[in-house]
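Asker: Pasting model.txt here (compact mmCIF, C-alpha atoms):
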```txt
# COMPACT_ATOMS: atom_id res chain seq x y z
CA MET M 75 108.82 141.81 172.88
CA PRO M 76 105.83 143.63 171.31
CA ALA M 77 104.20 146.16 173.59
CA SER M 78 100.68 145.95 172.20
CA ILE M 79 98.20 143.82 170.29
CA GLN M 80 98.54 146.18 167.31
CA GLU M 81 102.27 145.50 167.16
CA VAL M 82 101.64 141.75 167.22
CA ASP M 83 99.09 142.10 164.39
CA HIS M 84 101.58 144.16 162.39
CA LEU M 85 104.34 141.55 162.85
CA LEU M 86 102.03 138.68 161.87
CA GLY M 87 100.83 140.58 158.81
CA ALA M 88 104.40 141.23 157.70
CA ALA M 89 105.32 137.56 158.11
CA PHE M 90 102.25 136.48 156.13
CA THR M 91 103.05 138.93 153.31
CA ARG M 92 106.66 137.75 153.16
CA ASP M 93 105.52 134.11 153.06
CA MET M 94 103.08 134.79 150.21
CA SER M 95 105.69 136.68 148.18
CA THR M 96 108.20 133.84 148.35
CA ARG M 97 105.85 131.05 147.33
CA LEU M 98 106.80 129.12 144.24
CA SER M 99 104.63 128.31 141.29
CA CYS M 100 105.16 125.65 138.67
CA PRO M 101 106.77 127.06 135.50
CA SER M 102 104.85 124.47 133.48
CA CYS M 103 101.26 124.76 134.72
CA GLY M 104 101.37 127.73 137.13
CA SER M 105 100.09 125.75 140.11
CA ALA M 106 101.20 126.77 143.60
CA HIS M 107 101.23 123.11 144.69
CA VAL M 108 105.01 122.78 144.77
CA ALA M 109 107.08 120.50 146.99
CA GLN M 110 110.74 121.00 147.78
CA MET M 111 113.05 117.99 147.50
CA LEU M 112 116.67 117.35 148.38
CA GLY M 113 118.61 116.45 145.27
CA ASP M 114 121.14 113.65 144.82
CA ASN M 115 124.17 115.91 145.33
CA GLY M 116 122.68 117.94 148.15
CA GLY M 117 121.08 120.50 145.85
CA ILE M 118 117.46 121.55 146.09
CA SER M 119 114.88 120.58 143.49
CA TYR M 120 111.18 121.24 143.22
CA VAL M 121 108.27 119.16 141.95
CA CYS M 122 104.76 120.25 141.10
CA THR M 123 102.28 117.95 142.81
CA ALA M 124 99.58 119.00 140.34
CA CYS M 125 101.27 118.12 137.03
CA GLY M 126 104.46 116.28 138.05
CA HIS M 127 106.89 118.75 136.45
CA SER M 128 110.24 118.92 138.29
CA TRP M 129 112.99 121.54 138.18
CA SER M 130 115.91 122.88 140.17
```
Please render this file's structure as structure tokens.
Answerer:
Amino acid sequence: MPASIQEVDHLLGAAFTRDMSTRLSCPSCGSAHVAQMLGDNGGISYVCTACGHSWS
């Protein structure tokens, strides 16, 4: 358990940075509006909600 408010802020900042660095962008239009979908055979696919491009 964190011992201080500063430690909590540090942990939250690290989680936010990690989340931002793992965000996907559409290879077609570059938009960050990407949804993850479960594929037919259990694989993972992605679709851009801005332009409709899909990929896996």
Asker: Enter the distance from CA of Cys100 in chain M to CA of Ser130 in chain M, in Å, rounded to one decimal.
Answerer: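 CA of Ser130 in chain M lies 11.2 Å from CA of Cys100 in chain M.
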Asker: Could you check how far CA of Cys125 in chain M sits from CA of His107 in chain M, in Å to one decimal?
Answerer: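 If I compute the distance from CA of Cys125 in chain M to CA of His107 in chain M, I get 9.1 Å.
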Asker: Quick one: distance from CA of Ser99 in chain M to CA of Ile118 in chain M in Å, one decimal?
Answerer: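 Taking CA of Ser99 in chain M and CA of Ile118 in chain M, their separation equals 15.3 Å.
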Asker: I want to know what sits within 12 Å of range 108-116 of chain M, based on only C-alpha atoms, with residues of the same chain fewer than 5 positions away left out; could you give that as a list in words?
Answerer: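 Counting only the stated atoms, we get Arg97, Leu98, Ser99, Cys100, Pro101, Ser102, Cys103, Val121, Cys122, Thr123, Ala124, Cys125, Gly126, His127, Ser128, Trp129 and Ser130 of chain M.
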